[in-house]
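Next comes run13.cif, a file with mmCIF, C-alpha atoms and all ligand atoms.
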data_upload
loop_
_atom_site.label_atom_id
_atom_site.label_comp_id
_atom_site.auth_asym_id
_atom_site.auth_seq_id
_atom_site.Cartn_x
_atom_site.Cartn_y
_atom_site.Cartn_z
CA MET E 1 64.03 39.84 40.91
CA LEU E 2 67.82 39.79 40.70
CA SER E 3 69.26 36.24 40.64
CA VAL E 4 72.44 35.99 42.68
CA VAL E 5 75.10 33.29 42.94
CA VAL E 6 77.37 33.66 45.98
CA LEU E 7 80.85 32.12 46.14
CA ILE E 8 82.40 31.51 49.56
CA SER E 9 85.39 29.74 51.13
CA GLY E 10 84.75 30.21 54.84
CA SER E 11 82.15 30.67 57.54
CA GLY E 12 79.73 32.49 55.25
CA SER E 13 78.43 35.14 57.65
CA ASN E 14 78.02 37.55 54.73
CA LEU E 15 76.15 34.86 52.84
CA LEU E 16 73.88 34.31 55.85
CA ALA E 17 73.07 38.02 55.99
CA LEU E 18 72.06 37.89 52.31
CA LEU E 19 69.96 34.77 52.81
CA LYS E 20 68.17 36.44 55.74
CA ALA E 21 67.58 39.64 53.78
CA SER E 22 66.18 37.76 50.81
CA GLU E 23 63.58 36.10 53.03
CA ASN E 24 61.81 39.44 52.98
CA PRO E 25 59.55 39.40 49.90
CA LEU E 26 60.31 43.09 49.39
CA TYR E 27 64.04 42.45 49.02
CA PRO E 28 64.74 42.58 45.27
CA ALA E 29 67.38 39.82 45.07
CA LYS E 30 67.25 36.06 45.46
CA ILE E 31 70.19 33.76 46.18
CA VAL E 32 69.83 31.00 43.59
CA ALA E 33 73.00 29.05 44.39
CA VAL E 34 76.09 29.07 46.58
CA GLY E 35 79.42 27.71 45.38
CA SER E 36 82.74 27.04 47.03
CA ASP E 37 86.25 25.83 46.32
CA LYS E 38 85.99 23.47 49.30
CA ASP E 39 83.60 21.95 51.80
CA ALA E 40 83.29 25.33 53.54
CA PRO E 41 81.33 25.58 56.81
CA GLY E 42 79.23 28.39 55.29
CA LEU E 43 77.61 25.99 52.82
CA GLU E 44 75.43 24.86 55.70
CA HIS E 45 73.63 28.19 55.62
CA ALA E 46 72.63 27.58 52.01
CA GLU E 47 71.43 24.09 52.84
CA LEU E 48 69.29 25.42 55.71
CA TYR E 49 67.70 27.90 53.30
CA ASP E 50 67.16 25.20 50.64
CA VAL E 51 69.51 26.91 48.24
CA ASP E 52 71.50 24.80 45.74
CA THR E 53 75.19 24.40 46.47
CA PHE E 54 78.19 23.27 44.46
CA ILE E 55 81.83 22.62 45.30
CA VAL E 56 84.57 22.80 42.69
CA GLU E 57 87.94 21.94 44.26
CA PRO E 58 91.07 23.09 42.42
CA GLU E 59 92.98 20.00 43.61
CA ARG E 60 90.80 17.83 41.39
CA PHE E 61 91.84 19.59 38.18
CA SER E 62 95.04 19.43 36.18
CA SER E 63 95.22 23.21 35.80
CA LYS E 64 93.82 26.40 37.28
CA GLN E 65 92.23 27.11 33.91
CA ALA E 66 90.36 23.77 33.91
CA TRP E 67 89.18 24.41 37.48
CA ALA E 68 87.95 27.90 36.65
CA GLU E 69 86.09 26.64 33.55
CA LYS E 70 84.22 24.12 35.66
CA LEU E 71 83.49 26.71 38.34
CA LEU E 72 82.17 29.08 35.67
CA ALA E 73 80.00 26.36 34.15
CA ASN E 74 78.45 25.74 37.58
CA VAL E 75 77.86 29.44 38.09
CA GLN E 76 76.38 29.96 34.58
CA HIS E 77 74.08 26.97 35.04
CA HIS E 78 72.09 29.14 37.45
CA GLN E 79 71.95 32.08 34.98
CA PRO E 80 72.74 34.72 37.60
CA ASP E 81 72.33 38.45 37.12
CA LEU E 82 75.02 38.98 39.74
CA VAL E 83 77.85 36.87 41.20
CA VAL E 84 79.10 37.84 44.66
CA LEU E 85 82.48 36.83 46.05
CA ALA E 86 81.77 36.83 49.81
CA GLY E 87 84.95 35.53 51.40
CA PHE E 88 85.94 33.51 48.32
CA MET E 89 89.68 33.13 48.82
CA ARG E 90 90.91 32.11 45.34
CA ILE E 91 92.12 34.36 42.57
CA LEU E 92 90.01 33.89 39.48
CA PRO E 93 91.67 33.79 36.05
CA ALA E 94 91.02 36.44 33.39
CA ASP E 95 88.60 34.29 31.32
CA PHE E 96 86.34 33.80 34.33
CA VAL E 97 86.34 37.52 35.08
CA ALA E 98 85.73 38.43 31.41
CA ALA E 99 82.75 36.06 31.17
CA LEU E 100 81.05 37.84 34.08
CA ARG E 101 82.22 41.41 33.50
CA GLY E 102 79.95 43.98 35.13
CA LYS E 103 78.18 41.37 37.17
CA LEU E 104 80.97 40.05 39.38
CA ILE E 105 81.54 41.84 42.70
CA ASN E 106 83.75 41.19 45.72
CA THR E 107 83.66 42.31 49.32
CA HIS E 108 87.03 43.03 50.91
CA PRO E 109 87.94 43.89 54.53
CA SER E 110 90.00 47.04 53.97
CA LEU E 111 89.73 50.46 52.40
CA LEU E 112 91.12 49.61 48.98
CA PRO E 113 93.57 50.37 47.45
CA ASP E 114 95.12 49.83 50.90
CA PHE E 115 95.79 46.25 52.03
CA LYS E 116 94.87 44.14 49.03
CA GLY E 117 95.05 40.35 49.22
CA ALA E 118 94.16 37.53 51.56
CA HIS E 119 95.33 39.06 54.88
CA ALA E 120 93.92 42.57 54.74
CA VAL E 121 93.05 42.84 58.44
CA ARG E 122 96.39 41.44 59.61
CA ASP E 123 98.26 43.70 57.18
CA ALA E 124 96.41 46.82 58.36
CA LEU E 125 97.34 46.05 61.98
CA ALA E 126 100.94 45.25 61.07
CA ALA E 127 101.23 48.56 59.24
CA GLY E 128 100.03 50.43 62.34
CA ALA E 129 96.95 51.78 60.56
CA THR E 130 94.50 53.66 62.77
CA THR E 131 91.55 53.30 60.42
CA THR E 132 90.43 50.59 58.05
CA GLY E 133 87.11 49.45 56.67
CA VAL E 134 85.26 47.58 53.96
CA THR E 135 85.24 47.91 50.19
CA ILE E 136 82.73 46.41 47.80
CA HIS E 137 84.02 46.52 44.24
CA PHE E 138 83.62 45.08 40.76
CA VAL E 139 86.15 42.35 40.04
CA ASP E 140 88.63 42.90 37.24
CA GLU E 141 91.69 40.89 36.17
CA GLY E 142 93.84 42.25 39.01
CA VAL E 143 93.76 41.35 42.69
CA ASP E 144 91.37 43.73 44.49
CA THR E 145 91.87 46.40 41.82
CA GLY E 146 88.40 46.66 40.24
CA GLU E 147 86.14 49.70 40.25
CA ILE E 148 85.00 50.60 43.76
CA ILE E 149 81.24 50.59 44.33
CA VAL E 150 81.13 51.59 47.99
CA GLN E 151 83.38 51.85 51.05
CA SER E 152 82.79 52.18 54.78
CA LYS E 153 85.43 53.29 57.27
CA LEU E 154 86.04 52.32 60.88
CA ASP E 155 88.60 53.25 63.53
CA ILE E 156 90.96 50.58 64.80
CA LEU E 157 90.94 50.37 68.61
CA PRO E 158 94.21 50.44 70.57
CA GLN E 159 95.64 46.91 71.06
CA GLU E 160 92.83 45.41 69.00
CA SER E 161 93.38 41.79 67.93
CA GLU E 162 93.04 40.66 64.31
CA HIS E 163 90.03 38.54 65.23
CA ALA E 164 88.22 41.31 67.12
CA LEU E 165 88.86 43.84 64.38
CA HIS E 166 87.76 41.46 61.64
CA GLU E 167 84.53 40.73 63.54
CA ARG E 168 83.79 44.47 63.81
CA ILE E 169 84.56 44.90 60.11
CA LYS E 170 82.26 42.01 59.22
CA GLU E 171 79.39 43.56 61.15
CA ILE E 172 79.60 46.62 58.91
CA GLU E 173 80.33 44.51 55.86
CA ARG E 174 77.19 42.41 56.14
CA SER E 175 74.80 45.34 56.13
CA LEU E 176 76.79 47.15 53.44
CA LEU E 177 76.65 44.07 51.20
CA VAL E 178 72.90 43.60 51.73
CA ARG E 179 72.30 47.27 50.87
CA THR E 180 74.67 47.31 47.88
CA ILE E 181 72.99 44.30 46.28
CA GLU E 182 69.60 45.87 46.88
CA GLU E 183 70.78 49.03 45.11
CA PHE E 184 72.30 46.98 42.26
CA ALA E 185 68.95 45.20 41.81
CA ILE E 186 67.02 48.48 41.74
CA LYS E 187 69.43 49.92 39.15
CA GLN E 188 69.14 46.82 36.93
CA LYS E 189 65.36 47.06 37.09
CA ASP E 190 65.44 50.73 36.10
CA LEU E 191 67.79 49.92 33.20
CA ALA E 192 65.47 47.16 32.01
CA LYS E 193 62.55 49.61 32.02
CA ALA E 194 64.43 52.36 30.13
C1 LIG Y 1 85.01 38.80 54.82
O1 LIG Y 1 85.48 39.74 55.75
C2 LIG Y 1 85.50 39.15 53.43
O2 LIG Y 1 85.62 40.51 53.20
C3 LIG Y 1 86.85 38.49 53.45
O3 LIG Y 1 86.62 37.25 54.06
C4 LIG Y 1 85.61 37.43 55.06
C5 LIG Y 1 84.59 36.33 54.90
O4 LIG Y 1 83.74 36.27 56.02
N1 LIG Y 1 87.36 38.37 52.13
C6 LIG Y 1 88.64 38.54 51.81
O5 LIG Y 1 89.51 38.75 52.64
C7 LIG Y 1 88.94 38.44 50.34
N2 LIG Y 1 90.24 38.99 50.06
P1 LIG Y 1 82.46 35.34 56.03
O6 LIG Y 1 82.89 33.96 55.50
O7 LIG Y 1 82.05 35.28 57.45
O8 LIG Y 1 81.42 35.98 55.15
#
Mind turning the file's structure into structure tokens?
Amino acid sequence: MLSVVVLISGSGSNLLALLKASENPLYPAKIVAVGSDKDAPGLEHAELYDVDTFIVEPERFSSKQAWAEKLLANVQHHQPDLVVLAGFMRILPADFVAALRGKLINTHPSLLPDFKGAHAVRDALAAGATTTGVTIHFVDEGVDTGEIIVQSKLDILPQESEHALHERIKEIERSLLVRTIEEFAIKQKDLAKA
């Protein structure tokens, strides 16, 4: 069973999809903890599923480095095989990324390398894009630059609002994330057997 820690900052609909999937005993991953940089609404999902939560707020630390060390310590405490950034809206410093290399993934609402950063949906609309999508990728030291695992494309509708488009993206994103983690778990199991 793959142990997963999920980090969120927002409503946690991707997290909820993972929690629901892992209720199925045949799903090969288990969410062991959910962390956030704030008292995010999505933490409630974890509480409803009796999953441990932790909050590490940057404002309480004298430096970004000190914050990230504490966040990492909380993550490592749960000894995860995989750490998933599911709407976690902070950039993580290089030491954090290095400590979790190969087991830190992010889901992003655009077809990377297009529209990196915190406002990917807004930026795609502002650029007049006619298609966008979702990317799930390994996290490296850059912002949304790590190796791409999987992408899914969707057409932008005429006059579509940022909210409506983001909701349609998230619908695709949730199932893609559930499937990608399932595949990651199966691969890890095969590697362990080899
Ligand atoms: C998701 O669309 C995720 O891709 C995005 O935040 C949303 C979180 O939704 N992440 C980023 O934009 C990171 N750059 P959720 O809280 O409902 O899962």
Using all atoms listed in the file, find each residue with an atom at most 6 Å away from ligand LIG 1 (chain Y) and format the answer as a PDB file with C-alpha atoms, in the frame of the given file.
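Full text of out03.pdb as output:
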ATOM      1  CA  GLY E  10      84.750  30.210  54.840  1.00  0.00           C
ATOM      2  CA  SER E  11      82.150  30.670  57.540  1.00  0.00           C
ATOM      3  CA  GLY E  12      79.730  32.490  55.250  1.00  0.00           C
ATOM      4  CA  SER E  13      78.430  35.140  57.650  1.00  0.00           C
ATOM      5  CA  ASN E  14      78.020  37.550  54.730  1.00  0.00           C
ATOM      6  CA  LEU E  15      76.150  34.860  52.840  1.00  0.00           C
ATOM      7  CA  ALA E  86      81.770  36.830  49.810  1.00  0.00           C
ATOM      8  CA  GLY E  87      84.950  35.530  51.400  1.00  0.00           C
ATOM      9  CA  MET E  89      89.680  33.130  48.820  1.00  0.00           C
ATOM     10  CA  THR E 107      83.660  42.310  49.320  1.00  0.00           C
ATOM     11  CA  HIS E 108      87.030  43.030  50.910  1.00  0.00           C
ATOM     12  CA  PRO E 109      87.940  43.890  54.530  1.00  0.00           C
ATOM     13  CA  GLY E 117      95.050  40.350  49.220  1.00  0.00           C
ATOM     14  CA  ALA E 118      94.160  37.530  51.560  1.00  0.00           C
ATOM     15  CA  LYS E 170      82.260  42.010  59.220  1.00  0.00           C
TER      16      LYS E 170
END
Can you work out the spacing between CA of Leu104 (chain E) and CA of Val83 (chain E) in Å, to one decimal?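 CA of Val83 (chain E) lies at a distance of 4.8 Å from CA of Leu104 (chain E).
With distances restricted to only C-alpha atoms, E:Ala126 is the closest residue to Ser161 (chain E) from E:Ala185, E:Ala126, E:Ile149, E:Ala194.
Counting all atoms listed in the file, the residue from E:Ala192, E:Leu82, E:Val121, E:Val150 that sits nearest to Val32 (chain E) is E:Leu82.
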One number please: CA of Asp37 (chain E) to CA of Ile91 (chain E), in Å, one decimal.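 The value is 11.0 Å.
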From the options E:Lys20, E:Lys70, E:His45, E:His78, which residue's atoms come nearest to Ala33 (chain E), counting all atoms listed in the file?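 Ranked by minimum distance to Ala33 (chain E), first place goes to E:His78.
Nearest residue to Thr180 (chain E), choosing from E:Ala29, E:Leu43, E:Arg90, E:Lys64 and counting all atoms listed in the file: E:Ala29.
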Put a box with edges along x, y and z around all the listed atoms of region 63-82 of chain E, pad it by 6 Å on each side, then give me its centre and sizes in Å, one decimal, as lines of an AutoDock Vina configuration file.
center_x = 83.6
center_y = 31.1
center_z = 36.6
size_x = 35.3
size_y = 27.8
size_z = 18.2
Taking all atoms listed in the file into account, which of E:Gln159, E:Ser110, E:Thr145, E:Asn74 comes nearest Gly128 (chain E)? E:Gln159
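From CA of Ala46 (chain E) back to CA of Val4 (chain E), the distance works out to 12.6 Å.
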Among listed residues E:Phe88, E:Phe61, E:Phe96, E:Tyr27, nearest Gln76 (chain E) (using only C-alpha atoms):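 Residue with the minimum atom-to-atom distance to Gln76 (chain E): E:Phe96.
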Name the residues within 12 Å of (67.4, 37.5, 52.6), counting all atoms listed in the file in the file's coordinates, and put them as a PyMOL selection string. chain E and resi 4+14-32+45-46+49+51+174-175+177-179+181-182
Writer output for current selection, C-alpha atoms, as a PDB file, in the coordinates of the input:
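Below is the file that was written, part-v4.pdb:
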ATOM      1  CA  VAL E   4      72.440  35.990  42.680  1.00  0.00           C
ATOM      2  CA  ASN E  14      78.020  37.550  54.730  1.00  0.00           C
ATOM      3  CA  LEU E  15      76.150  34.860  52.840  1.00  0.00           C
ATOM      4  CA  LEU E  16      73.880  34.310  55.850  1.00  0.00           C
ATOM      5  CA  ALA E  17      73.070  38.020  55.990  1.00  0.00           C
ATOM      6  CA  LEU E  18      72.060  37.890  52.310  1.00  0.00           C
ATOM      7  CA  LEU E  19      69.960  34.770  52.810  1.00  0.00           C
ATOM      8  CA  LYS E  20      68.170  36.440  55.740  1.00  0.00           C
ATOM      9  CA  ALA E  21      67.580  39.640  53.780  1.00  0.00           C
ATOM     10  CA  SER E  22      66.180  37.760  50.810  1.00  0.00           C
ATOM     11  CA  GLU E  23      63.580  36.100  53.030  1.00  0.00           C
ATOM     12  CA  ASN E  24      61.810  39.440  52.980  1.00  0.00           C
ATOM     13  CA  PRO E  25      59.550  39.400  49.900  1.00  0.00           C
ATOM     14  CA  LEU E  26      60.310  43.090  49.390  1.00  0.00           C
ATOM     15  CA  TYR E  27      64.040  42.450  49.020  1.00  0.00           C
ATOM     16  CA  PRO E  28      64.740  42.580  45.270  1.00  0.00           C
ATOM     17  CA  ALA E  29      67.380  39.820  45.070  1.00  0.00           C
ATOM     18  CA  LYS E  30      67.250  36.060  45.460  1.00  0.00           C
ATOM     19  CA  ILE E  31      70.190  33.760  46.180  1.00  0.00           C
ATOM     20  CA  VAL E  32      69.830  31.000  43.590  1.00  0.00           C
ATOM     21  CA  HIS E  45      73.630  28.190  55.620  1.00  0.00           C
ATOM     22  CA  ALA E  46      72.630  27.580  52.010  1.00  0.00           C
ATOM     23  CA  TYR E  49      67.700  27.900  53.300  1.00  0.00           C
ATOM     24  CA  VAL E  51      69.510  26.910  48.240  1.00  0.00           C
ATOM     25  CA  ARG E 174      77.190  42.410  56.140  1.00  0.00           C
ATOM     26  CA  SER E 175      74.800  45.340  56.130  1.00  0.00           C
ATOM     27  CA  LEU E 177      76.650  44.070  51.200  1.00  0.00           C
ATOM     28  CA  VAL E 178      72.900  43.600  51.730  1.00  0.00           C
ATOM     29  CA  ARG E 179      72.300  47.270  50.870  1.00  0.00           C
ATOM     30  CA  ILE E 181      72.990  44.300  46.280  1.00  0.00           C
ATOM     31  CA  GLU E 182      69.600  45.870  46.880  1.00  0.00           C
TER      32      GLU E 182
END
If we count only C-alpha atoms, what is near Ile172 (chain E) at a cut-off of 10 Å, once residues fewer than 4 positions away on the same chain are taken out, given as a ChimeraX atom specification? /E:109,133-134,152-154,167-168,176-177
With C-alpha atoms retained, export the selected residues as an mmCIF file, keeping the file's coordinate frame.
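Contents of out-v2.cif, freshly written:
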data_model
loop_
_atom_site.group_PDB
_atom_site.id
_atom_site.type_symbol
_atom_site.label_atom_id
_atom_site.label_comp_id
_atom_site.auth_asym_id
_atom_site.auth_seq_id
_atom_site.Cartn_x
_atom_site.Cartn_y
_atom_site.Cartn_z
ATOM 1 C CA PRO E 109 87.940 43.890 54.530
ATOM 2 C CA GLY E 133 87.110 49.450 56.670
ATOM 3 C CA VAL E 134 85.260 47.580 53.960
ATOM 4 C CA SER E 152 82.790 52.180 54.780
ATOM 5 C CA LYS E 153 85.430 53.290 57.270
ATOM 6 C CA LEU E 154 86.040 52.320 60.880
ATOM 7 C CA GLU E 167 84.530 40.730 63.540
ATOM 8 C CA ARG E 168 83.790 44.470 63.810
ATOM 9 C CA LEU E 176 76.790 47.150 53.440
ATOM 10 C CA LEU E 177 76.650 44.070 51.200
#
